[in-house]
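Quick look at run20.csv (CSV, C-alpha atoms):
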```
chain,number,residue,atom,x,y,z
S,1,MET,CA,40.4,196.6,-2.2
S,2,LYS,CA,42.8,195.1,-4.8
S,3,GLY,CA,44.9,193.6,-2.1
S,4,PHE,CA,41.9,192.1,-0.4
S,5,LEU,CA,40.7,190.5,-3.7
S,6,SER,CA,44.1,189.1,-4.3
S,7,LEU,CA,44.1,187.6,-0.8
S,8,CYS,CA,40.7,186.1,-1.4
S,9,LEU,CA,41.9,184.6,-4.7
S,10,PHE,CA,44.9,183.1,-3.0
S,11,PHE,CA,42.7,181.6,-0.3
S,12,ILE,CA,40.3,180.1,-2.8
S,13,VAL,CA,43.0,178.6,-4.9
S,14,HIS,CA,44.9,177.0,-2.0
S,15,VAL,CA,41.7,175.6,-0.5
S,16,ALA,CA,41.0,174.0,-3.9
S,17,LEU,CA,44.5,172.6,-4.0
S,18,ALA,CA,44.1,171.2,-0.5
S,19,ALA,CA,41.0,169.4,-1.6
S,20,MET,CA,42.8,167.7,-4.5
S,21,ASP,CA,44.2,164.2,-4.3
S,22,PRO,CA,47.9,164.9,-4.2
S,23,PHE,CA,48.7,161.8,-6.3
S,24,ASP,CA,46.2,162.7,-9.0
S,25,PHE,CA,47.6,166.2,-9.2
S,26,HIS,CA,51.1,164.9,-9.5
S,27,ALA,CA,50.4,162.3,-12.2
S,28,ALA,CA,48.0,164.4,-14.3
S,29,ASP,CA,49.4,165.9,-17.4
S,30,VAL,CA,47.8,169.3,-17.9
S,31,VAL,CA,49.2,169.7,-21.4
S,32,ILE,CA,47.0,166.9,-22.8
S,33,LEU,CA,43.9,168.8,-21.7
S,34,GLN,CA,44.4,170.8,-25.0
S,35,ALA,CA,43.1,167.7,-26.9
S,36,LYS,CA,39.4,167.9,-27.6
S,37,LYS,CA,39.1,164.1,-27.1
S,38,VAL,CA,40.5,164.4,-23.6
S,39,GLN,CA,38.2,167.3,-22.8
S,40,GLN,CA,35.2,165.2,-24.0
S,41,ASP,CA,36.3,162.2,-22.1
S,42,ILE,CA,36.6,164.0,-18.7
S,43,LYS,CA,33.4,166.0,-19.6
S,44,LEU,CA,35.0,169.4,-19.4
S,45,THR,CA,32.4,172.2,-19.2
S,46,GLU,CA,32.5,175.4,-21.2
S,47,ALA,CA,33.1,177.4,-18.0
S,48,GLN,CA,36.0,175.1,-17.1
S,49,ARG,CA,37.4,175.5,-20.7
S,50,ALA,CA,37.2,179.3,-20.4
S,51,GLN,CA,39.2,179.1,-17.1
S,52,MET,CA,41.7,176.8,-18.8
S,53,ASN,CA,42.2,179.2,-21.7
S,54,LYS,CA,42.8,182.1,-19.2
S,55,ALA,CA,45.5,180.0,-17.5
S,56,ALA,CA,47.1,179.2,-20.9
S,57,ASP,CA,47.2,182.9,-21.8
S,58,TRP,CA,48.8,183.7,-18.4
S,59,HIS,CA,51.4,180.9,-19.0
S,60,ARG,CA,52.2,182.2,-22.5
S,61,GLY,CA,52.7,185.6,-21.0
S,62,GLN,CA,55.0,184.3,-18.4
S,63,LEU,CA,57.1,182.4,-21.0
S,64,LYS,CA,57.3,185.5,-23.3
S,65,ALA,CA,58.4,187.7,-20.4
S,66,TYR,CA,61.1,185.1,-19.4
S,67,GLU,CA,62.2,185.0,-23.1
S,68,GLU,CA,62.5,188.8,-23.2
S,69,GLU,CA,64.4,188.7,-19.8
S,70,LEU,CA,66.9,186.2,-21.3
S,71,LYS,CA,67.4,188.3,-24.4
S,72,ALA,CA,67.9,191.5,-22.3
S,73,LYS,CA,70.6,189.7,-20.3
S,74,LYS,CA,72.0,188.1,-23.5
S,75,VAL,CA,71.7,184.6,-22.0
S,76,ASP,CA,71.8,181.7,-24.4
S,77,PRO,CA,68.9,179.4,-23.3
S,78,ARG,CA,71.1,176.4,-24.2
S,79,THR,CA,73.4,177.2,-21.3
S,80,LEU,CA,70.6,177.1,-18.7
S,81,PRO,CA,70.2,174.0,-16.5
S,82,ASN,CA,68.0,171.1,-17.7
S,83,PRO,CA,65.4,170.8,-16.3
S,84,ASN,CA,65.1,174.6,-15.9
S,85,PRO,CA,63.8,175.5,-12.4
S,86,ARG,CA,62.0,178.6,-13.7
S,87,LEU,CA,60.2,176.7,-16.4
S,88,LEU,CA,59.2,173.9,-14.0
S,89,SER,CA,57.9,176.6,-11.6
S,90,MET,CA,55.8,178.1,-14.4
S,91,TYR,CA,54.5,174.6,-15.4
S,92,THR,CA,53.5,173.9,-11.8
S,93,ALA,CA,51.7,177.2,-11.5
S,94,LEU,CA,49.9,176.4,-14.8
S,95,LYS,CA,48.8,173.1,-13.4
S,96,GLU,CA,47.4,174.7,-10.3
S,97,ARG,CA,45.5,177.4,-12.2
S,98,VAL,CA,43.9,174.7,-14.5
S,99,LEU,CA,43.4,171.7,-12.3
S,100,THR,CA,41.8,173.6,-9.4
S,101,HIS,CA,38.8,174.0,-11.7
S,102,LEU,CA,38.3,170.3,-12.2
S,103,THR,CA,36.2,168.1,-10.0
S,104,PRO,CA,37.9,165.2,-8.2
S,105,ALA,CA,36.4,162.7,-10.7
S,106,GLN,CA,37.7,164.8,-13.6
S,107,LEU,CA,41.1,165.0,-12.1
S,108,ARG,CA,41.2,161.3,-11.4
S,109,ARG,CA,40.2,160.5,-15.0
S,110,LEU,CA,42.9,163.0,-16.3
S,111,ARG,CA,45.4,161.1,-14.2
S,112,GLU,CA,44.3,157.8,-15.7
S,113,ILE,CA,44.6,159.1,-19.3
S,114,SER,CA,48.0,160.6,-18.4
S,115,ILE,CA,49.4,157.3,-17.2
S,116,GLN,CA,47.9,155.5,-20.2
S,117,ARG,CA,49.7,158.0,-22.5
S,118,ALA,CA,53.0,157.5,-20.6
S,119,GLY,CA,52.7,153.7,-20.8
S,120,ILE,CA,54.6,151.5,-18.5
S,121,GLY,CA,57.3,154.1,-18.5
S,122,ALA,CA,55.1,156.1,-16.0
S,123,LEU,CA,56.5,153.7,-13.3
S,124,ALA,CA,59.9,155.4,-13.7
S,125,ASP,CA,58.3,158.2,-11.7
S,126,GLU,CA,59.0,157.6,-8.0
S,127,LYS,CA,55.6,158.6,-6.8
S,128,VAL,CA,53.9,156.3,-9.3
S,129,ALA,CA,56.3,153.5,-8.5
S,130,THR,CA,55.6,153.9,-4.8
S,131,ARG,CA,51.8,153.9,-5.5
S,132,VAL,CA,52.0,150.4,-7.0
S,133,GLY,CA,54.3,149.1,-4.2
S,134,MET,CA,57.6,149.0,-6.0
S,135,SER,CA,60.7,148.9,-3.8
S,136,ALA,CA,63.7,151.2,-4.2
S,137,ALA,CA,65.7,148.4,-5.7
S,138,GLN,CA,63.0,147.7,-8.2
S,139,LEU,CA,62.7,151.3,-9.2
S,140,LYS,CA,66.5,151.5,-9.7
S,141,GLN,CA,66.4,148.4,-11.9
S,142,PHE,CA,63.4,149.7,-13.8
S,143,ARG,CA,65.0,153.1,-14.5
S,144,SER,CA,68.3,151.4,-15.6
S,145,ILE,CA,66.4,149.3,-18.2
S,146,PHE,CA,64.4,152.3,-19.3
S,147,THR,CA,67.4,154.6,-19.7
S,148,ALA,CA,69.4,151.9,-21.5
S,149,ALA,CA,66.6,151.4,-24.0
S,150,ALA,CA,66.1,155.1,-24.6
S,151,ARG,CA,69.9,155.5,-25.3
S,152,GLN,CA,69.8,152.5,-27.7
S,153,ALA,CA,66.8,153.9,-29.6
S,154,ALA,CA,68.4,157.3,-29.8
S,155,GLN,CA,71.6,155.8,-31.3
S,156,VAL,CA,69.6,154.0,-33.9
S,157,GLN,CA,67.7,157.1,-34.9
S,158,GLN,CA,70.8,159.3,-34.8
S,159,SER,CA,72.8,156.9,-37.0
S,160,ALA,CA,70.0,156.8,-39.6
S,161,LEU,CA,69.4,160.5,-39.7
S,162,GLN,CA,73.1,161.4,-39.6
S,163,ALA,CA,73.8,159.7,-42.9
S,164,VAL,CA,71.3,162.0,-44.6
S,165,ALA,CA,72.5,165.1,-42.8
S,166,GLN,CA,76.1,164.3,-43.9
S,167,LYS,CA,75.0,163.9,-47.5
S,168,TYR,CA,73.6,167.5,-47.6
S,169,LYS,CA,76.1,169.1,-45.3
S,170,ASN,CA,78.3,170.8,-48.0
S,171,VAL,CA,75.6,171.1,-50.7
S,172,LYS,CA,75.1,174.7,-51.7
S,173,PRO,CA,71.9,175.6,-53.6
S,174,LYS,CA,72.2,177.5,-56.9
S,175,ASP,CA,69.3,179.7,-56.1
S,176,GLN,CA,66.2,180.0,-53.9
S,177,ALA,CA,64.2,177.5,-56.0
S,178,ASP,CA,67.1,175.0,-55.9
S,179,GLY,CA,67.3,175.5,-52.1
S,180,GLN,CA,63.6,174.7,-51.7
S,181,ARG,CA,64.0,171.7,-53.9
S,182,LEU,CA,67.0,170.4,-51.9
S,183,GLN,CA,65.1,171.0,-48.6
S,184,LYS,CA,62.1,169.0,-49.8
S,185,GLN,CA,64.4,166.3,-51.0
S,186,ALA,CA,66.3,166.1,-47.7
S,187,GLN,CA,63.1,166.0,-45.7
S,188,ALA,CA,61.8,163.1,-47.8
S,189,GLU,CA,65.1,161.2,-47.3
S,190,LEU,CA,64.9,161.9,-43.6
S,191,ARG,CA,61.4,160.5,-43.4
S,192,ALA,CA,62.5,157.4,-45.5
S,193,ALA,CA,65.5,156.9,-43.2
S,194,GLY,CA,63.2,157.1,-40.1
S,195,GLN,CA,60.8,154.6,-41.6
S,196,LYS,CA,63.6,152.2,-42.5
S,197,VAL,CA,64.8,151.9,-38.9
S,198,GLN,CA,61.2,151.8,-37.5
S,199,PRO,CA,61.2,148.0,-37.3
S,200,ARG,CA,64.4,148.1,-35.2
S,201,LEU,CA,62.9,150.7,-32.9
S,202,ASN,CA,59.7,148.6,-32.6
S,203,ALA,CA,61.9,145.6,-31.6
S,204,ILE,CA,63.7,147.6,-28.9
S,205,GLU,CA,60.3,148.8,-27.5
S,206,THR,CA,58.9,145.2,-27.4
S,207,GLN,CA,62.0,143.9,-25.7
S,208,THR,CA,62.1,146.7,-23.3
S,209,GLN,CA,58.4,146.3,-22.4
S,210,ALA,CA,59.1,142.7,-21.6
S,211,LYS,CA,62.1,143.5,-19.4
S,212,LEU,CA,60.2,146.3,-17.5
S,213,LYS,CA,57.2,144.1,-16.8
S,214,ALA,CA,59.5,141.3,-15.5
S,215,VAL,CA,60.7,143.7,-12.8
S,216,LEU,CA,57.1,143.9,-11.4
S,217,THR,CA,55.2,141.3,-9.4
S,218,ALA,CA,51.7,140.3,-10.5
S,219,LYS,CA,50.2,142.4,-7.7
S,220,GLN,CA,52.2,145.4,-8.7
S,221,MET,CA,51.2,144.9,-12.4
S,222,ALA,CA,47.6,144.8,-11.3
S,223,ALA,CA,48.0,148.0,-9.3
S,224,TYR,CA,49.5,149.7,-12.3
S,225,GLU,CA,46.6,148.6,-14.6
S,226,ALA,CA,44.2,149.9,-12.0
S,227,LEU,CA,45.9,153.3,-12.1
S,228,ARG,CA,45.3,153.4,-15.9
S,229,GLY,CA,41.6,153.1,-15.5
S,230,PRO,CA,39.2,152.5,-18.5
S,231,ARG,CA,40.9,152.6,-21.9
S,232,PHE,CA,41.0,156.0,-23.5
S,233,VAL,CA,40.5,156.1,-27.2
S,234,PRO,CA,42.4,159.1,-28.7
```

Mind converting the file's structure to structure tokens?
Amino acid sequence: MKGFLSLCLFFIVHVALAAMDPFDFHAADVVILQAKKVQQDIKLTEAQRAQMNKAADWHRGQLKAYEEELKAKKVDPRTLPNPNPRLLSMYTALKERVLTHLTPAQLRRLREISIQRAGIGALADEKVATRVGMSAAQLKQFRSIFTAAARQAAQVQQSALQAVAQKYKNVKPKDQADGQRLQKQAQAELRAAGQKVQPRLNAIETQTQAKLKAVLTAKQMAAYEALRGPRFVP
């Protein structure tokens, strides 16, 4: 009987997956479904929320088991490939378990919100780029601009934070209270350093947005805006 029930569940899930719009499933970010505002926007029901929570519990269990497996084998997670195929597989399974309970309209709206959240950077995804009609050459140029900007922003941030880290590198607290004081002081200085370079980061973002938009034709830009749907207010 247990095997029969498992087979029925397998059949139901895969029929539901087959009924989904493949693009909406691909572009939808299941993680943002945790936000109450997103749940309200797509009109998630209590029954759907219960199913989502079950899937989240299952996913946490899978992650914990994987963590224990790595500990038992004495594998340093930092040595694993990035992206990690096992983690990607778990994430895809989580998406399937959650999104199969959404209606086509809910899934479409989740995809719209996901693309809004990603911004124009969503077009770095090949399937999204193809959907708006970008050519392979355009996608290559787009990704090159996007990657260069991300690298530049990371360098600005790293330079600002490194100066603070270096300052406290060899500082040894006198006692526990002094350690807590130094920690708070360092955290405050890190925040201040981040705020100081924020205008530079904003400038990089503005310049990058202009460069990325210049890659697109007016028709492609309109197609991208259509994929975003009505504005989501977080």

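You will find CA of Val233 (chain S) at 16.5 Å from CA of Asp29 (chain S).
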
Report summary line: Min atom-atom distance to Glu225 (chain S) from the set S:Ala27, S:Val164, S:Leu99, S:Val132, counting all atoms listed in the file, belongs to S:Val132

Query raised in the report: Distance CA of Gly121 (chain S)-CA of Phe232 (chain S), one decimal place?
Result: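 So the two atoms, CA of Gly121 (chain S) and CA of Phe232 (chain S), lie 17.2 Å apart.
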
Query raised in the report: Which neighbours of Gln209 (chain S) fall inside 10 Å, counting only C-alpha atoms, when residues of the same chain fewer than 6 positions from it are skipped, and could you give them as a PyMOL selection string?
Result: chain S and resi 119-121+145-146+149+203

Query raised in the report: Within 7 Å of Leu139 (chain S), counting only C-alpha atoms, which residues qualify if same-chain residues fewer than 5 places away don't, as a list in words?
Result: Ala124, Ala129 and Met134 of chain S

**Report entry** Atom-to-atom span, CA of Gln62 (chain S) and CA of Met90 (chain S), Å
**Finding:** 7.4 Å

Tell me which protein, DNA and RNA residues are within 10 Å of Ser114 (chain S), counting only C-alpha atoms, leaving out same-chain ones fewer than 5 positions away, and put them as a CSV table (one decimal) with C-alpha atoms, in the frame of the given file.
```csv
chain,number,residue,atom,x,y,z
S,24,ASP,CA,46.2,162.7,-9.0
S,27,ALA,CA,50.4,162.3,-12.2
S,28,ALA,CA,48.0,164.4,-14.3
S,29,ASP,CA,49.4,165.9,-17.4
S,30,VAL,CA,47.8,169.3,-17.9
S,31,VAL,CA,49.2,169.7,-21.4
S,32,ILE,CA,47.0,166.9,-22.8
S,33,LEU,CA,43.9,168.8,-21.7
S,38,VAL,CA,40.5,164.4,-23.6
S,108,ARG,CA,41.2,161.3,-11.4
S,109,ARG,CA,40.2,160.5,-15.0
S,119,GLY,CA,52.7,153.7,-20.8
S,122,ALA,CA,55.1,156.1,-16.0
S,227,LEU,CA,45.9,153.3,-12.1
S,228,ARG,CA,45.3,153.4,-15.9
S,232,PHE,CA,41.0,156.0,-23.5
```

**Report entry** Of the listed residues S:Leu190, S:Leu107, S:Ile204, S:Ala177, that which approaches Ala153 (chain S) most closely, counting only C-alpha atoms
**Finding:**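 Among the listed residues, S:Ile204 lies closest to Ala153 (chain S).
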
Report task. Take the point (46.6, 152.6, -14.0) in the file's coordinates, draw a sphere of radius 9 Å around it, and report as a list in words every protein, DNA or RNA residue with an atom inside or on it, counting all atoms listed in the file. Result -> Arg111, Glu112, Ile113, Ile115, Gln116, Ala222, Ala223, Tyr224, Glu225, Ala226, Leu227, Arg228, Gly229 and Pro230 of chain S
